[in-house]
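Participant: Just passing along the structure, written as structure tokens.
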Amino acid sequence: MQHIADAVDLRKASVYHYVPGKEDVLFELIDHFYTVANDTVAGFADDVGDPADRLVGFVGAHVRFVRDNLPIFRIKVREFSQLPETRRDQLEGRGDSYYRVLTSILEDGVRHGVFDADIDVRLATIMIVGQLNSMAQWFHADGPLDADGLAKQFGLLIVPSILAEAEVQRMGGLTGVRAWLRAGCPRSAHTSRGE
């Protein structure tokens, strides 16, 4: 309960004034967490635009979401399993919605030949979200990289690993892919400049 009180900047006793117990506070925090998380990435779900650009956008949105919600994110990671099974079941679908956004980006990329057809989309989704979620363990706002710099680093690790070989070659090899990711512009703008 102290973690929750710290996250909402209240004394522990004050939290009990507003809610009957830890389970209710935890449930409401995680429910709100999923609402904000899903709203953050909802725009990337539509099959509009280049899948690689959408993936870069998703990664950046996730990094900024974690930065902006770090205390609650850490509570969710640490305490979710402490909820009774019925309460966890109520929230599981909310987390699944988040995963579905990334899954749809990856499926679109495979369908359009942008991402490697041999990737296991379900497994890639789990691995990418796991990699992104790891920042809850080590990220500090006063660290050497701001959210944009960190998003670029994640992009440099994630995106080249799933691009189709033909896309990598079309962009001038791995050097061209990395130049595009560092430039932070849409892929079409980057490749049309011949970079």
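Identifiers in the structure tokens: chain A, B, ... in order shown; residue index from 1 per chain; ligand index from 1 in order shown.
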Do a neighbour search on range 25-33 of chain A at 8 Å with only C-alpha atoms, toss out local chain neighbours closer than 3 positions, and write the hits as a list in words.
Facilitator: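 Contacts, with the query itself left out: Ile4, Val19, Gly21, Lys22, Val36, Ala37, Ile72, Phe73, Lys76, Glu79, Phe80, Leu83, Arg87, Leu91 and Arg94 of chain A.
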Participant: Give me a file of those residues, with N, CA and C atoms, as a short mmCIF file (atom, residue, chain, number, x, y, z; two decimals), in the first residue's frame.
Facilitator:
```cif
data_model
loop_
_atom_site.label_atom_id
_atom_site.label_comp_id
_atom_site.auth_asym_id
_atom_site.auth_seq_id
_atom_site.Cartn_x
_atom_site.Cartn_y
_atom_site.Cartn_z
N ILE A 4 1.68 2.39 -3.46
CA ILE A 4 0.53 3.06 -4.07
C ILE A 4 0.42 4.48 -3.53
N VAL A 19 -10.66 4.80 -0.43
CA VAL A 19 -11.02 3.45 -0.90
C VAL A 19 -11.00 2.47 0.26
N GLY A 21 -9.91 -0.71 0.49
CA GLY A 21 -8.77 -1.59 0.73
C GLY A 21 -7.78 -1.58 -0.41
N LYS A 22 -6.65 -2.24 -0.16
CA LYS A 22 -5.56 -2.27 -1.14
C LYS A 22 -6.01 -2.87 -2.47
N VAL A 36 -5.09 4.44 -20.10
CA VAL A 36 -4.13 5.41 -20.64
C VAL A 36 -3.20 4.72 -21.65
N ALA A 37 -2.72 3.53 -21.32
CA ALA A 37 -1.82 2.80 -22.22
C ALA A 37 -2.49 2.53 -23.56
N ILE A 72 3.29 4.21 -11.44
CA ILE A 72 2.14 3.31 -11.61
C ILE A 72 2.54 2.09 -12.44
N PHE A 73 3.40 2.31 -13.44
CA PHE A 73 3.89 1.19 -14.25
C PHE A 73 4.61 0.18 -13.36
N LYS A 76 2.13 -1.74 -11.31
CA LYS A 76 1.44 -2.74 -12.13
C LYS A 76 2.33 -3.98 -12.29
N GLU A 79 2.74 -5.65 -8.61
CA GLU A 79 1.58 -6.01 -7.79
C GLU A 79 0.44 -6.71 -8.53
N PHE A 80 0.47 -6.73 -9.86
CA PHE A 80 -0.65 -7.31 -10.60
C PHE A 80 -0.97 -8.73 -10.13
N LEU A 83 -3.37 -9.40 -7.11
CA LEU A 83 -4.83 -9.29 -7.18
C LEU A 83 -5.46 -10.69 -7.20
N ARG A 87 -10.25 -10.55 -10.21
CA ARG A 87 -9.90 -9.16 -10.55
C ARG A 87 -8.87 -9.14 -11.68
N LEU A 91 -9.04 -7.56 -15.78
CA LEU A 91 -8.06 -6.64 -16.37
C LEU A 91 -7.28 -7.24 -17.53
N ARG A 94 -7.74 -5.98 -21.02
CA ARG A 94 -7.21 -4.63 -21.25
C ARG A 94 -5.76 -4.71 -21.74
#
```
Participant: For range 31-136 of chain A against range 140-161 of chain A, with a cut-off of 12 Å and counting only C-alpha atoms, what is the closest atom pair and its distance in Å to one decimal for every residue that makes the cut, ordered by chain and number, as a Markdown table?
Facilitator:
```
| residue | atom | partner | partner_atom | distance |
| --- | --- | --- | --- | --- |
| A:Pro51 | CA | A:Val159 | CA | 10.4 |
| A:Ala52 | CA | A:Val159 | CA | 7.2 |
| A:Asp53 | CA | A:Val159 | CA | 9.5 |
| A:Arg54 | CA | A:Val159 | CA | 10.6 |
| A:Leu55 | CA | A:Val159 | CA | 7.5 |
| A:Val56 | CA | A:Gly155 | CA | 6.1 |
| A:Gly57 | CA | A:Ala151 | CA | 9.0 |
| A:Phe58 | CA | A:Ala151 | CA | 9.5 |
| A:Val59 | CA | A:Ala151 | CA | 6.3 |
| A:Gly60 | CA | A:Ala151 | CA | 4.9 |
| A:Ala61 | CA | A:Ala151 | CA | 8.3 |
| A:His62 | CA | A:Ala151 | CA | 8.4 |
| A:Val63 | CA | A:Ala151 | CA | 6.0 |
| A:Arg64 | CA | A:Ala147 | CA | 5.8 |
| A:Phe65 | CA | A:Ala147 | CA | 9.4 |
| A:Val66 | CA | A:Ala147 | CA | 9.1 |
| A:Arg67 | CA | A:Ala147 | CA | 7.0 |
| A:Asp68 | CA | A:Ala141 | CA | 9.4 |
| A:Asn69 | CA | A:Ala141 | CA | 11.3 |
| A:Leu70 | CA | A:His140 | CA | 9.0 |
| A:Pro71 | CA | A:His140 | CA | 11.0 |
| A:Ile105 | CA | A:Val159 | CA | 11.9 |
| A:Leu106 | CA | A:Val159 | CA | 10.6 |
| A:Gly109 | CA | A:Val159 | CA | 11.1 |
| A:Val114 | CA | A:Val159 | CA | 10.5 |
| A:Phe115 | CA | A:Val159 | CA | 8.9 |
| A:Asp116 | CA | A:Ser161 | CA | 8.8 |
| A:Asp118 | CA | A:Ser161 | CA | 11.7 |
| A:Ile119 | CA | A:Ser161 | CA | 9.8 |
| A:Ala124 | CA | A:Ile158 | CA | 9.8 |
| A:Thr125 | CA | A:Ile158 | CA | 10.9 |
| A:Met127 | CA | A:Ile158 | CA | 9.7 |
| A:Ile128 | CA | A:Ile158 | CA | 7.2 |
| A:Val129 | CA | A:Ile158 | CA | 10.4 |
| A:Gly130 | CA | A:Ile158 | CA | 11.6 |
| A:Gln131 | CA | A:Phe154 | CA | 8.5 |
| A:Leu132 | CA | A:Phe154 | CA | 7.6 |
| A:Asn133 | CA | A:Phe154 | CA | 11.2 |
| A:Ser134 | CA | A:Phe154 | CA | 11.1 |
| A:Met135 | CA | A:His140 | CA | 8.8 |
| A:Ala136 | CA | A:His140 | CA | 8.8 |
```
Participant: Could you write out that same residue set with N, CA and C atoms as a short mmCIF file (atom, residue, chain, number, x, y, z; two decimals), in the first residue's frame?
Facilitator:
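Saved as selection18.cif:
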```
data_model
loop_
_atom_site.label_atom_id
_atom_site.label_comp_id
_atom_site.auth_asym_id
_atom_site.auth_seq_id
_atom_site.Cartn_x
_atom_site.Cartn_y
_atom_site.Cartn_z
N PRO A 51 4.04 0.28 -42.17
CA PRO A 51 4.13 -0.50 -40.92
C PRO A 51 5.41 -0.23 -40.13
N ALA A 52 6.52 0.00 -40.82
CA ALA A 52 7.77 0.27 -40.10
C ALA A 52 7.68 1.61 -39.37
N ASP A 53 7.09 2.61 -40.01
CA ASP A 53 6.88 3.90 -39.34
C ASP A 53 5.93 3.74 -38.15
N ARG A 54 4.90 2.93 -38.31
CA ARG A 54 3.96 2.69 -37.21
C ARG A 54 4.65 1.98 -36.06
N LEU A 55 5.55 1.04 -36.36
CA LEU A 55 6.29 0.35 -35.31
C LEU A 55 7.19 1.34 -34.56
N VAL A 56 7.89 2.20 -35.29
CA VAL A 56 8.72 3.21 -34.65
C VAL A 56 7.86 4.11 -33.77
N GLY A 57 6.68 4.50 -34.26
CA GLY A 57 5.76 5.32 -33.47
C GLY A 57 5.29 4.61 -32.22
N PHE A 58 4.95 3.34 -32.35
CA PHE A 58 4.52 2.53 -31.21
C PHE A 58 5.63 2.49 -30.15
N VAL A 59 6.85 2.22 -30.59
CA VAL A 59 7.98 2.14 -29.65
C VAL A 59 8.14 3.47 -28.92
N GLY A 60 8.11 4.58 -29.66
CA GLY A 60 8.26 5.89 -29.03
C GLY A 60 7.13 6.18 -28.07
N ALA A 61 5.91 5.84 -28.45
CA ALA A 61 4.75 6.07 -27.57
C ALA A 61 4.88 5.25 -26.29
N HIS A 62 5.34 4.01 -26.41
CA HIS A 62 5.51 3.15 -25.24
C HIS A 62 6.56 3.75 -24.29
N VAL A 63 7.68 4.17 -24.84
CA VAL A 63 8.75 4.73 -24.01
C VAL A 63 8.25 5.98 -23.28
N ARG A 64 7.56 6.86 -23.99
CA ARG A 64 7.04 8.07 -23.34
C ARG A 64 5.97 7.73 -22.30
N PHE A 65 5.15 6.71 -22.59
CA PHE A 65 4.14 6.28 -21.63
C PHE A 65 4.80 5.79 -20.34
N VAL A 66 5.83 4.96 -20.47
CA VAL A 66 6.52 4.47 -19.27
C VAL A 66 7.14 5.64 -18.51
N ARG A 67 7.80 6.54 -19.23
CA ARG A 67 8.40 7.71 -18.57
C ARG A 67 7.35 8.51 -17.80
N ASP A 68 6.22 8.76 -18.43
CA ASP A 68 5.19 9.60 -17.84
C ASP A 68 4.39 8.91 -16.73
N ASN A 69 4.45 7.60 -16.68
CA ASN A 69 3.64 6.82 -15.72
C ASN A 69 4.49 5.84 -14.93
N LEU A 70 5.75 6.16 -14.74
CA LEU A 70 6.70 5.20 -14.16
C LEU A 70 6.27 4.64 -12.81
N PRO A 71 5.83 5.45 -11.85
CA PRO A 71 5.46 4.85 -10.55
C PRO A 71 4.30 3.86 -10.68
N ILE A 105 0.27 -4.23 -36.18
CA ILE A 105 1.36 -3.57 -36.91
C ILE A 105 2.27 -4.62 -37.56
N LEU A 106 2.64 -5.62 -36.78
CA LEU A 106 3.53 -6.66 -37.30
C LEU A 106 2.87 -7.46 -38.41
N GLY A 109 2.87 -5.43 -41.52
CA GLY A 109 4.22 -5.40 -42.08
C GLY A 109 4.58 -6.67 -42.82
N VAL A 114 7.08 -5.73 -45.69
CA VAL A 114 8.00 -4.84 -44.99
C VAL A 114 8.77 -5.60 -43.91
N PHE A 115 8.08 -6.49 -43.20
CA PHE A 115 8.72 -7.30 -42.16
C PHE A 115 8.90 -8.72 -42.67
N ASP A 116 9.90 -9.38 -42.14
CA ASP A 116 10.27 -10.73 -42.53
C ASP A 116 9.07 -11.68 -42.37
N ASP A 118 9.03 -14.73 -42.08
CA ASP A 118 9.31 -15.87 -41.22
C ASP A 118 9.19 -15.57 -39.73
N ILE A 119 8.93 -14.30 -39.36
CA ILE A 119 8.81 -14.03 -37.93
C ILE A 119 7.51 -14.61 -37.40
N ALA A 124 7.05 -12.42 -31.53
CA ALA A 124 7.71 -11.13 -31.70
C ALA A 124 7.01 -10.05 -30.88
N THR A 125 5.67 -10.10 -30.83
CA THR A 125 4.92 -9.14 -30.02
C THR A 125 5.30 -9.25 -28.55
N MET A 127 8.01 -10.52 -27.27
CA MET A 127 9.41 -10.16 -27.07
C MET A 127 9.61 -8.65 -27.10
N ILE A 128 8.96 -7.98 -28.04
CA ILE A 128 9.12 -6.53 -28.16
C ILE A 128 8.53 -5.83 -26.93
N VAL A 129 7.33 -6.22 -26.53
CA VAL A 129 6.73 -5.58 -25.35
C VAL A 129 7.57 -5.89 -24.11
N GLY A 130 8.08 -7.11 -24.00
CA GLY A 130 8.94 -7.44 -22.87
C GLY A 130 10.20 -6.60 -22.84
N GLN A 131 10.79 -6.40 -24.00
CA GLN A 131 11.99 -5.57 -24.10
C GLN A 131 11.66 -4.13 -23.69
N LEU A 132 10.56 -3.60 -24.19
CA LEU A 132 10.16 -2.24 -23.84
C LEU A 132 9.80 -2.12 -22.36
N ASN A 133 9.11 -3.11 -21.83
CA ASN A 133 8.70 -3.07 -20.42
C ASN A 133 9.89 -3.14 -19.47
N SER A 134 11.00 -3.67 -19.94
CA SER A 134 12.17 -3.79 -19.07
C SER A 134 12.63 -2.44 -18.55
N MET A 135 12.30 -1.36 -19.26
CA MET A 135 12.77 -0.05 -18.82
C MET A 135 12.17 0.35 -17.47
N ALA A 136 11.07 -0.27 -17.08
CA ALA A 136 10.49 0.01 -15.76
C ALA A 136 11.45 -0.38 -14.64
#
```
Participant: So that I can see what lies close to Gln82 in chain A, please list as a PyMOL selection string the residues with an atom at most 9 Å from it, counting only C-alpha atoms and leaving out residues fewer than 4 positions away in the same chain.
Facilitator: chain A and resi 23+78+88
Participant: I'd like the neighbourhood of Val101 in chain A as a VMD selection string, where a residue qualifies if any of its atoms comes within 8 Å (using only C-alpha atoms), though same-chain residues fewer than 4 positions away should be ignored.
Facilitator: chain A and resid 41 to 42 44 to 45 97 105
Participant: By how many Å are CA of Tyr98 in chain A and CA of Thr35 in chain A apart?
Facilitator: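 Computing it gives 9.7 Å between the two atoms.
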Participant: Give the helix (DSSP H, G or I) residues of range 7-127 of chain A, as assigned by DSSP on the backbone, as a PyMOL selection string.
Facilitator: chain A and resi 7+12-18+22-44+51-68+70-82+85-111+121-127
Participant: With C-alpha atoms retained, export the selected residues as a tab-separated table (two decimals), in the first residue's frame.
Facilitator:
```
chain	number	residue	atom	x	y	z
A	7	ALA	CA	2.68	6.88	-6.55
A	12	LYS	CA	-0.80	5.68	3.35
A	13	ALA	CA	-3.58	6.43	5.86
A	14	SER	CA	-5.09	8.99	3.48
A	15	VAL	CA	-5.45	6.39	0.74
A	16	TYR	CA	-7.76	4.33	2.96
A	17	HIS	CA	-9.99	7.40	3.35
A	18	TYR	CA	-10.81	7.21	-0.37
A	22	LYS	CA	-5.56	-2.27	-1.14
A	23	GLU	CA	-7.23	-4.59	-3.64
A	24	ASP	CA	-9.64	-1.84	-4.72
A	25	VAL	CA	-6.88	0.76	-5.01
A	26	LEU	CA	-4.70	-1.61	-6.96
A	27	PHE	CA	-7.52	-2.61	-9.28
A	28	GLU	CA	-8.45	1.04	-9.99
A	29	LEU	CA	-4.82	2.04	-10.59
A	30	ILE	CA	-4.20	-0.81	-13.01
A	31	ASP	CA	-7.52	-0.27	-14.76
A	32	HIS	CA	-6.61	3.41	-15.26
A	33	PHE	CA	-3.11	2.35	-16.33
A	34	TYR	CA	-4.58	0.19	-19.11
A	35	THR	CA	-6.97	2.94	-20.20
A	36	VAL	CA	-4.13	5.41	-20.64
A	37	ALA	CA	-1.82	2.80	-22.22
A	38	ASN	CA	-4.43	1.72	-24.77
A	39	ASP	CA	-5.31	5.34	-25.60
A	40	THR	CA	-1.60	6.04	-26.11
A	41	VAL	CA	-1.17	3.43	-28.86
A	42	ALA	CA	-4.69	3.24	-30.34
A	43	GLY	CA	-3.79	5.34	-33.38
A	44	PHE	CA	-1.16	2.85	-34.49
A	51	PRO	CA	4.13	-0.50	-40.92
A	52	ALA	CA	7.77	0.27	-40.10
A	53	ASP	CA	6.88	3.90	-39.34
A	54	ARG	CA	3.96	2.69	-37.21
A	55	LEU	CA	6.29	0.35	-35.31
A	56	VAL	CA	8.72	3.21	-34.65
A	57	GLY	CA	5.76	5.32	-33.47
A	58	PHE	CA	4.52	2.53	-31.21
A	59	VAL	CA	7.98	2.14	-29.65
A	60	GLY	CA	8.26	5.89	-29.03
A	61	ALA	CA	4.75	6.07	-27.57
A	62	HIS	CA	5.51	3.15	-25.24
A	63	VAL	CA	8.75	4.73	-24.01
A	64	ARG	CA	7.04	8.07	-23.34
A	65	PHE	CA	4.14	6.28	-21.63
A	66	VAL	CA	6.52	4.47	-19.27
A	67	ARG	CA	8.40	7.71	-18.57
A	68	ASP	CA	5.19	9.60	-17.84
A	70	LEU	CA	6.70	5.20	-14.16
A	71	PRO	CA	5.46	4.85	-10.55
A	72	ILE	CA	2.14	3.31	-11.61
A	73	PHE	CA	3.89	1.19	-14.25
A	74	ARG	CA	6.18	-0.24	-11.58
A	75	ILE	CA	3.22	-0.93	-9.30
A	76	LYS	CA	1.44	-2.74	-12.13
A	77	VAL	CA	4.51	-4.89	-12.82
A	78	ARG	CA	5.11	-5.71	-9.13
A	79	GLU	CA	1.58	-6.01	-7.79
A	80	PHE	CA	-0.65	-7.31	-10.60
A	81	SER	CA	-0.16	-10.92	-9.53
A	82	GLN	CA	-1.29	-9.99	-6.00
A	85	GLU	CA	-7.82	-14.17	-9.90
A	86	THR	CA	-11.28	-12.73	-10.60
A	87	ARG	CA	-9.90	-9.16	-10.55
A	88	ARG	CA	-6.91	-10.16	-12.73
A	89	ASP	CA	-9.30	-11.75	-15.21
A	90	GLN	CA	-11.24	-8.49	-15.42
A	91	LEU	CA	-8.06	-6.64	-16.37
A	92	GLU	CA	-6.39	-9.22	-18.64
A	93	GLY	CA	-8.41	-8.19	-21.68
A	94	ARG	CA	-7.21	-4.63	-21.25
A	95	GLY	CA	-3.61	-5.79	-21.55
A	96	ASP	CA	-4.52	-8.00	-24.50
A	97	SER	CA	-5.83	-4.92	-26.33
A	98	TYR	CA	-2.42	-3.31	-26.03
A	99	TYR	CA	-0.72	-6.39	-27.44
A	100	ARG	CA	-3.24	-6.53	-30.30
A	101	VAL	CA	-2.14	-3.09	-31.49
A	102	LEU	CA	1.46	-4.24	-31.86
A	103	THR	CA	0.35	-7.55	-33.35
A	104	SER	CA	-1.67	-5.70	-36.00
A	105	ILE	CA	1.36	-3.57	-36.91
A	106	LEU	CA	3.53	-6.66	-37.30
A	107	GLU	CA	0.88	-8.54	-39.28
A	108	ASP	CA	0.46	-5.58	-41.64
A	109	GLY	CA	4.22	-5.40	-42.08
A	110	VAL	CA	4.44	-9.09	-42.94
A	111	ARG	CA	1.44	-8.84	-45.29
A	121	VAL	CA	4.19	-12.45	-34.98
A	122	ARG	CA	2.79	-13.59	-31.64
A	123	LEU	CA	6.23	-14.34	-30.23
A	124	ALA	CA	7.71	-11.13	-31.70
A	125	THR	CA	4.92	-9.14	-30.02
A	126	ILE	CA	5.66	-10.69	-26.64
A	127	MET	CA	9.41	-10.16	-27.07
```
Participant: Can you measure CA of Ala164 in chain A to CA of Arg178 in chain A for me? One decimal in Å is fine.
Facilitator: 14.5 Å
